[in-house]
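Undergrad: A single structure is presented below for examination.
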Amino acid sequence: MRRLLWPLAVLAALILLNVAFSPGFLSIQMREGHLYGSLIDILRFGAPLILVSLGMTLVIATGGIDLSVGSVVAISGALACLQISEDASVFTAVVLALGLSVLLGAWNGFLVAGIGIQPIIATLILMVAGRGLAQLITDGQIITVNSPAYKLIGGGYLLTLPFGILLVLVVLGVTAFLTRRLALGMLIESVGGNAEASRLAGIRARGIIVMVYAFAALCAGVAGLMISSNVSSADGNNAGLWIELDAILAVVIGGTSLAGGRFSLGGTVVGALIIQTLTTTIYSVGVPPETTLLFKALVVAAVCLIQSPSFRDKVFRRRGTAAGPRPAAEEKVRVTA
Amino acid sequence: MAEPEPILRMSGIGKQFPGVRALDGVDLRLLPGEVHALMGENGAGKSTLIKVLTGVHPCDEGTVELAGREVAFAGPLEAQQAGISTVYQEVNLCANLSVAENIFIGREPRRRGRIDFRRMRTRAAELLARLELDVDVAAPLSSCSLAIQQMVAIARAIDVDARVLILDEPTSSLDAGEVEQLFRVMRRLKEEGIAILFVSHFLDQIYEISDRMTILRNGRLVGEYRTSELSQVELVAKMIGKELADLERLHGEARVFDRPLVEARGLGRAGAVEPFSLTIHEGEVVGLAGLLGSGRTEIARLLFGADHATTGEVTVGGTAVSLRTPRTAMAHDIAFCSENRKQDGLIPDLTVRENIILALQATRGWTRPVPREQQDELVGRYVKALRISPPNPDHLVRDLSGGNQQKVLLARWLILEPKLLILDEPTRGIDVGAKTEIQRLVAELSDGGMAVLFISAELEEVLRLSHRVGVLRDRRLVADLPNDDALTTDVLLETIASGGRA
């Protein structure tokens with residue numbers, strides 16, 4: 001729980017900033033049987049990122065990284081829309097899209113665990129090739145679909161809530177169950193903490209690695225359905241573009257080390273919400289468009305620094321060490337403040 | 001004979017680690033032009049003392065004087081600049097760089113901002129000539145033998161006007177000829193007036209090269225002696241101290257072992273260990289003795305399936321098995337506590353509880369978690385039985401002391417109730433208390449019917465625990481000796497040295 005303290009504090013600070021600029025930020029209203037409000041919007045638009053980040057968390061916990069999730073988002077959406085535009089049922093389209101996603105993830109896992117390619121390179125292959133595959137599926141066009149059933153996934157409502165939020169809750173619940181109620185989480189942390197020691201303890205590290213990459217791709221596939229369904233079209237070029245970087249950021253902000261080992265699903269969700277809230281904040285505070293990226297970068301840098309225990313120690317002088325480094329530390333504060 | 005002033009004087013050194021008093025009132029003085037041996041069993045505090053001297057650890061009590069001035073180094077670099085250079089057991093050099101580059105790495109001679117390779121090579125050649133070595137300084141270090149690499153490390157150490165040279169077990173991976181070469185270099189440096197602090201486990205080497213020795217036991221000073229005035233027997237007695245009485249074999253009555261459990265026939269792996277045959281019976285403790293790198297660990301890894309054998313076969317309980325992976329070995333009730341706890345054993349980020357149940361969980365697969373009550377019961381039992389401290393199962397394993405980490409690793413395998421337990425250096429680097437506990441545990445387990453393959457660099461320990469001792473030399477199992485009254489450390493040393501009894 002203490003690991004969640006800083007991410008939660010940052011999220012709260014961002015929300016307070018929004019409230020200061022638009023006092024109605026926290027209000028949630030019931031309109032036409034649906035819940036409306038800025039907070040609901042953050043959850044709804046953040047849903048794909050949360051999904052991708054959940055998968056990414058497990059990959060990073062094994063000491064890997066998956067750069068290909070953005071491409072999988074595009075491929076999944078493209079395949080589903082293609083099927084629907086060719087009069088397949090929504091169910092078939094969804095099953096085919098998710099099946100292909102899992103297959104692509106297993107391919108990543110095979111490259112990493114079976115052949116031993118470094119994860120960043122192994123998934124870079126699919127990151128680049130996947131965009132091509134997505135364009136191949138859409139034939140270089142943007143496929144638009146008109147299916148109310150498909151629209152439900154990313155744009156519909158169920159039980160007054162946007163369907164996407166419910167989907168995230170289900171995936172989060174399943175992930176938490178698999179990793180924390182069953183022993184998958186411990187084995188993942190063990191493989192990420194020390195792969196050779198895990199092998200000598202009898203853990204089938206390969207199987208676990210293939211599984212997490214497949215799972216990450218499945219999450220990306222669901223996110224792809226959500227994104228394409230929301231706009232009722234599939235864009236092989238731009239769907240899910242750079243989402244892998246936001247997802248990695250969310251995982252790191254959530255307190256999971258890029259070196260692998262311990263991971264925190266709750267932290268990742270908070271991390272993804274911070275990123276989504278930040279995007280909302282940029283609009284509501286009225287940051288000039290040409291400086292949005294810079295503003296985002298500064299906030300993220302501050303969040304990462306505040307997460308680092310050694311940085312906090314230096315700044316807040318929890319332990320009075322030698323007099324030497326202190327002025328330097330104070331200077332850093334001024335720079336980031 | 002008037003003694004020269006000591007170049008280095010450490011007095012009343014004390015060092016406290018969490019839960020362990022590593023050093024307590026230790027004095028050490030080094031005289032210029034002398035080789036000074038630092039003696040003591042594993043865990044006596046030798047490395048800690050060296051680390052305090054070179055500034056790796058700050059010292060809690062006591063003073064260090066170099067050439068009459070009190071000093072306190074913030075790190076090895078500072079110590080080196082003051083003239084105290086260290087060469088460690090494992091060569092800390094870059095094998096892909098040339099000999100000359102290795103000697104001058106970090107302080108390359110420069111001209112107009114660029115590295116002056118020609119001057120670097122000339123100076124390196126001069127330096128090596130000073131050590132009477134004839135080496136091509138432009139050749140990559142990887143093309144040199146281990147001994148030459150060691151000398152290159154020494155050359156690097158003395159280039160910075162060293163007044164004190166610390167050699168921490170430099171001979172452990174050298175063969176006899178190479179040791180002789182190293183000693184020639186050491187004598188040469190001695191003549192130049194450098195004070196050498198020498199750490200080695202080989203008594204003969206100590207008596208060949210050293211002039212004076214300081215003996216430590218359990219972090220305390222036993223005394224300083226001139227080598228010529230102390231016999232080997234006296235030295236060993238002083239190193240082990242009161243424990244001498246405990247030295248008798250731990251097992252009581254002689255037992256007969258007639259039920260073979262694991263039999264290896266012609267098992268070997270190219271480049272790692274020559275084909276060997278070894279039978280381990282139920283309830284038997286088989287010790288493996290041999291120098292570092294003689295193939296002890298390789299045998300253990302083959303029997304656990306951590307490496308693939310290239311020749312030979314293994315039978316467990318009479319049926320031939322293929323030990324392809326650790327999992328298959330575990331399925332045949334073989335467990336392996338690896339030598340390197342940090343690299344091949346524990347998961348530092350997981351808790352004591354998780355580390356202990358890890359192997360059990362691995363055998364069950366991730367879909368069937370070990371129920372919480374069973375976890376509590378198993379972990380609680382072994383934390384208590386092995387006296388793991390702190391006794392909190394939710395403590396991160398990285399925060400535990402070396403001895404307690406070792407116990408956690410042991411517990412992981414003990415809950416599987418294996419038939420054969422392979423222990424590779426289970427007592428290395430842990431304090432004396434934990435060490436005797438682990439030795440006693442091994443004896444108990446074997447009395448209870450478990451077979452144990454026990455690997456240790458300490459011959460005394462192997463002799464105390466084993467019913468039979470396999471001796472290794474140069475990656476070959478050269479002898480398989482019953483541990484009777486005729487078997488002593490001297491016999492073992494001789495077997496290792498001569499390569500098998502005639």
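Convention: chains lettered A, B, ... in structure tokens order; per-chain residue numbering from 1; ligands numbered from 1 as shown.
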Give one line per residue of chain A that approaches chain B to at most 8 Å, naming the two atoms of the closest pair and their distance in Å to one decimal, counting only C-alpha atoms; sort by chain then ascending residue number and deliver it as a tab-separated table.
TA:
residue	atom	partner	partner_atom	distance
A:Arg181	CA	B:Pro369	CA	7.7
A:Leu182	CA	B:Pro369	CA	5.3
A:Ala183	CA	B:Trp366	CA	4.6
A:Leu184	CA	B:Trp366	CA	4.9
A:Met186	CA	B:Glu354	CA	7.5
A:Leu187	CA	B:Trp366	CA	7.2
A:Glu189	CA	B:Leu350	CA	7.7
A:Ser190	CA	B:Ile347	CA	6.1
A:Gly193	CA	B:Ile347	CA	5.6
A:Asn194	CA	B:Ile347	CA	5.6
A:Glu196	CA	B:Asp344	CA	5.7
A:Ala197	CA	B:Asp344	CA	4.1
A:Ser198	CA	B:Gly345	CA	7.8
A:Arg199	CA	B:Pro326	CA	7.1
A:Leu200	CA	B:Pro326	CA	5.8
A:Ala201	CA	B:Ala359	CA	4.9
A:Gly202	CA	B:Arg327	CA	4.7
A:Ile203	CA	B:Ala362	CA	4.9
A:Arg204	CA	B:Ala362	CA	7.6
A:Gly261	CA	B:Asp349	CA	6.6
A:Arg262	CA	B:Asp349	CA	6.8
Undergrad: Keeping only C-alpha atoms, write those residues as a compact mmCIF listing (two decimals), in the first residue's frame.
TA:
# COMPACT_ATOMS: atom_id res chain seq x y z
CA ARG A 181 -5.07 -15.72 -5.91
CA LEU A 182 -3.31 -18.28 -8.04
CA ALA A 183 0.46 -18.53 -7.97
CA LEU A 184 1.15 -16.95 -11.37
CA MET A 186 4.78 -15.12 -7.59
CA LEU A 187 6.27 -17.18 -10.40
CA GLU A 189 8.09 -12.09 -9.99
CA SER A 190 10.49 -14.92 -9.42
CA GLY A 193 13.77 -11.25 -10.08
CA ASN A 194 16.29 -13.93 -10.99
CA GLU A 196 18.54 -18.53 -13.53
CA ALA A 197 17.63 -19.10 -9.89
CA SER A 198 14.03 -19.64 -10.97
CA ARG A 199 15.07 -22.27 -13.49
CA LEU A 200 17.09 -24.05 -10.80
CA ALA A 201 14.04 -23.95 -8.53
CA GLY A 202 12.17 -25.90 -11.18
CA ILE A 203 10.06 -23.12 -12.64
CA ARG A 204 9.16 -23.43 -16.32
CA GLY A 261 10.54 -8.52 -10.20
CA ARG A 262 7.86 -7.04 -7.99
Undergrad: Can you list, as a PyMOL selection string, all residues belonging to stretch 227-429 of chain B that DSSP tags as strand (DSSP E)?
TA: chain B and resi 260-269+273-281+285-289+311-316+319-321+334-337+420-424
Undergrad: What's the 9 Å shell around stretch 462-477 of chain B, counting only C-alpha atoms, without same-chain residues fewer than 2 positions away, as a ChimeraX atom specification?
TA: /B:247-251,254-255,271-278,284-291,293-296,298,439-440,442-443,452-460,479-484,487-489,492,495-500
Undergrad: Now that the selection is made, can you save its residues with C-alpha atoms as a compact mmCIF listing (two decimals), in the first residue's frame?
TA:
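What follows is the written file part_16.txt:
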# COMPACT_ATOMS: atom_id res chain seq x y z
CA LEU B 247 36.60 -31.74 15.02
CA GLU B 248 35.82 -35.42 15.41
CA ARG B 249 33.45 -36.80 12.87
CA LEU B 250 29.86 -35.90 13.43
CA HIS B 251 28.47 -39.32 12.64
CA ALA B 254 29.67 -46.80 11.37
CA ARG B 255 26.79 -47.62 9.07
CA GLY B 271 34.60 -28.75 -21.42
CA ALA B 272 33.16 -28.96 -17.92
CA VAL B 273 34.01 -32.30 -16.36
CA GLU B 274 35.57 -35.53 -17.61
CA PRO B 275 33.34 -38.61 -17.52
CA PHE B 276 33.04 -39.92 -13.98
CA SER B 277 31.26 -42.72 -12.17
CA LEU B 278 29.82 -42.14 -8.75
CA GLU B 284 25.03 -41.62 2.76
CA VAL B 285 26.95 -38.35 2.80
CA VAL B 286 29.38 -38.20 -0.08
CA GLY B 287 31.84 -35.36 0.09
CA LEU B 288 33.51 -33.81 -2.91
CA ALA B 289 36.93 -32.31 -2.32
CA GLY B 290 39.08 -30.45 -4.77
CA LEU B 291 40.30 -27.01 -5.59
CA GLY B 293 37.37 -24.97 -10.55
CA SER B 294 38.31 -28.64 -10.25
CA GLY B 295 34.86 -29.71 -11.40
CA ARG B 296 32.99 -30.01 -8.08
CA GLU B 298 30.01 -29.18 -12.54
CA GLN B 439 26.69 -29.15 9.52
CA ARG B 440 24.67 -30.67 12.33
CA VAL B 442 23.33 -32.44 7.36
CA ALA B 443 24.35 -35.16 9.81
CA VAL B 452 23.65 -35.89 0.67
CA LEU B 453 26.28 -34.83 -1.82
CA PHE B 454 28.37 -32.35 0.12
CA ILE B 455 30.74 -29.97 -1.62
CA SER B 456 33.05 -27.71 0.30
CA ALA B 457 36.39 -26.03 -0.13
CA GLU B 458 37.11 -26.71 3.52
CA LEU B 459 38.61 -30.15 3.75
CA GLU B 460 38.02 -30.35 7.50
CA ALA B 479 39.77 -40.83 -6.24
CA ASP B 480 36.83 -42.20 -4.28
CA LEU B 481 38.02 -42.73 -0.71
CA PRO B 482 36.15 -44.23 2.25
CA ASN B 483 36.30 -41.83 5.18
CA ASP B 484 38.08 -43.97 7.75
CA LEU B 487 41.85 -40.34 5.87
CA THR B 488 43.09 -36.96 7.03
CA THR B 489 43.26 -33.54 5.48
CA LEU B 492 43.27 -35.38 0.92
CA THR B 495 45.57 -36.77 -3.26
CA ILE B 496 44.52 -33.45 -4.74
CA ALA B 497 48.14 -32.53 -5.34
CA SER B 498 49.27 -35.84 -6.76
CA GLY B 499 46.13 -36.65 -8.65
CA GLY B 500 45.09 -39.91 -7.01
Undergrad: Fewer than 3 positions away in the same chain doesn't count, so skip those; otherwise give me all residues within 9 Å of stretch 21-28 of chain A, counting only C-alpha atoms, as a list in words.
TA: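 Residues near the query, excluding close chain neighbours: Ile15, Leu16, Leu17, Asn18, Leu35, Tyr36, Gly37, Ser38, Leu39, Ile40, Ser284 and Val285 of chain A.
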Undergrad: I'd like the neighbourhood of A:Leu43 as number ranges by chain, where a residue qualifies if any of its atoms comes within 12 Å (using only C-alpha atoms), though same-chain residues fewer than 2 positions away should be ignored.
TA: A: 35-41, 45-51, 161-169, 269-270, 272-277, 280
Undergrad: Suppose we keep N, CA and C atoms; can you now write the selection as a compact mmCIF listing (two decimals), in the first residue's frame?
TA:
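Written output follows (selection-v2.txt):
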# COMPACT_ATOMS: atom_id res chain seq x y z
N LEU A 35 -24.34 7.68 -16.84
CA LEU A 35 -23.58 8.58 -15.99
C LEU A 35 -22.69 9.45 -16.86
N TYR A 36 -22.70 10.76 -16.56
CA TYR A 36 -21.87 11.70 -17.30
C TYR A 36 -21.00 12.48 -16.35
N GLY A 37 -19.86 12.91 -16.79
CA GLY A 37 -19.00 13.76 -15.97
C GLY A 37 -17.55 13.62 -16.41
N SER A 38 -16.73 14.56 -15.97
CA SER A 38 -15.32 14.54 -16.37
C SER A 38 -14.62 13.28 -15.87
N LEU A 39 -14.93 12.89 -14.63
CA LEU A 39 -14.26 11.71 -14.08
C LEU A 39 -14.60 10.47 -14.89
N ILE A 40 -15.90 10.35 -15.27
CA ILE A 40 -16.33 9.21 -16.08
C ILE A 40 -15.60 9.22 -17.43
N ASP A 41 -15.43 10.43 -17.97
CA ASP A 41 -14.73 10.55 -19.26
C ASP A 41 -13.29 10.07 -19.14
N PHE A 45 -12.09 7.20 -21.57
CA PHE A 45 -11.04 7.38 -22.57
C PHE A 45 -9.74 6.72 -22.14
N GLY A 46 -9.60 6.53 -20.82
CA GLY A 46 -8.37 5.89 -20.35
C GLY A 46 -8.43 4.38 -20.41
N ALA A 47 -9.63 3.83 -20.68
CA ALA A 47 -9.79 2.37 -20.62
C ALA A 47 -8.79 1.61 -21.49
N PRO A 48 -8.62 1.98 -22.79
CA PRO A 48 -7.65 1.22 -23.60
C PRO A 48 -6.25 1.25 -23.02
N LEU A 49 -5.84 2.43 -22.52
CA LEU A 49 -4.50 2.54 -21.95
C LEU A 49 -4.36 1.65 -20.72
N ILE A 50 -5.40 1.64 -19.88
CA ILE A 50 -5.33 0.79 -18.68
C ILE A 50 -5.15 -0.67 -19.09
N LEU A 51 -5.93 -1.10 -20.09
CA LEU A 51 -5.84 -2.49 -20.54
C LEU A 51 -4.43 -2.82 -21.01
N LEU A 161 -23.10 2.59 -16.91
CA LEU A 161 -21.68 2.89 -17.08
C LEU A 161 -21.24 2.62 -18.51
N PRO A 162 -20.26 3.38 -18.99
CA PRO A 162 -19.68 3.05 -20.30
C PRO A 162 -19.18 1.60 -20.29
N PHE A 163 -19.44 0.89 -21.39
CA PHE A 163 -19.10 -0.52 -21.46
C PHE A 163 -17.60 -0.75 -21.28
N GLY A 164 -16.79 0.19 -21.80
CA GLY A 164 -15.33 0.06 -21.70
C GLY A 164 -14.85 -0.04 -20.26
N ILE A 165 -15.48 0.77 -19.38
CA ILE A 165 -15.07 0.74 -17.97
C ILE A 165 -15.34 -0.63 -17.37
N LEU A 166 -16.52 -1.19 -17.72
CA LEU A 166 -16.86 -2.52 -17.20
C LEU A 166 -15.87 -3.57 -17.71
N LEU A 167 -15.51 -3.41 -18.99
CA LEU A 167 -14.55 -4.35 -19.58
C LEU A 167 -13.22 -4.30 -18.83
N VAL A 168 -12.77 -3.08 -18.52
CA VAL A 168 -11.52 -2.92 -17.77
C VAL A 168 -11.63 -3.60 -16.41
N LEU A 169 -12.78 -3.40 -15.75
CA LEU A 169 -12.95 -4.01 -14.43
C LEU A 169 -12.85 -5.53 -14.52
N VAL A 269 -2.77 0.78 -12.69
CA VAL A 269 -4.05 1.43 -12.97
C VAL A 269 -3.96 2.91 -12.61
N VAL A 270 -3.40 3.20 -11.43
CA VAL A 270 -3.26 4.60 -11.03
C VAL A 270 -2.36 5.34 -12.00
N ALA A 272 -1.85 4.73 -15.19
CA ALA A 272 -2.56 4.99 -16.44
C ALA A 272 -3.56 6.13 -16.24
N LEU A 273 -4.21 6.15 -15.07
CA LEU A 273 -5.17 7.24 -14.80
C LEU A 273 -4.47 8.59 -14.72
N ILE A 274 -3.25 8.57 -14.15
CA ILE A 274 -2.49 9.83 -14.08
C ILE A 274 -2.26 10.36 -15.49
N ILE A 275 -1.84 9.47 -16.39
CA ILE A 275 -1.54 9.91 -17.76
C ILE A 275 -2.80 10.43 -18.43
N GLN A 276 -3.92 9.71 -18.26
CA GLN A 276 -5.17 10.15 -18.89
C GLN A 276 -5.65 11.48 -18.31
N THR A 277 -5.54 11.60 -16.96
CA THR A 277 -5.95 12.84 -16.30
C THR A 277 -5.10 14.01 -16.78
N THR A 280 -6.39 15.24 -20.01
CA THR A 280 -7.59 16.04 -19.77
C THR A 280 -7.22 17.41 -19.21
Undergrad: Interatomic distance between atom CA of A:Ala106 and atom CA of A:Val94?
TA: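 We find that atom CA of A:Ala106 and atom CA of A:Val94 lie 18.3 Å from each other.
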Undergrad: Hey, what's within 8 Å of A:Ser76 if we count only C-alpha atoms and toss same-chain stuff fewer than 5 positions away? As a PyMOL selection string, please?
TA: chain A and resi 97-98+100-101+221-222+224-225
Undergrad: For A:Val59, find every residue with an atom within 6 Å (counting only C-alpha atoms), except residues of its own chain fewer than 4 positions away, and show them as a list in words.
TA: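 Non-adjacent residues within range: Gly64, Ile65 and Val212 of chain A.
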Undergrad: Limited to C-alpha atoms, could you put the picked residues into a file as a JSON list (two decimals), in the first residue's frame?
TA:
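Writing the result to result_24.json gives the following:
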[["chain", "number", "residue", "atom", "x", "y", "z"],
["A", 64, "GLY", "CA", 10.98, -7.87, -20.47],
["A", 65, "ILE", "CA", 9.25, -5.13, -22.40],
["A", 212, "VAL", "CA", 2.74, -13.04, -20.33]]
Undergrad: As a count of residues only, which residues of stretch 1-211 of chain A does DSSP assign to alpha helix (DSSP H)?
TA: 143
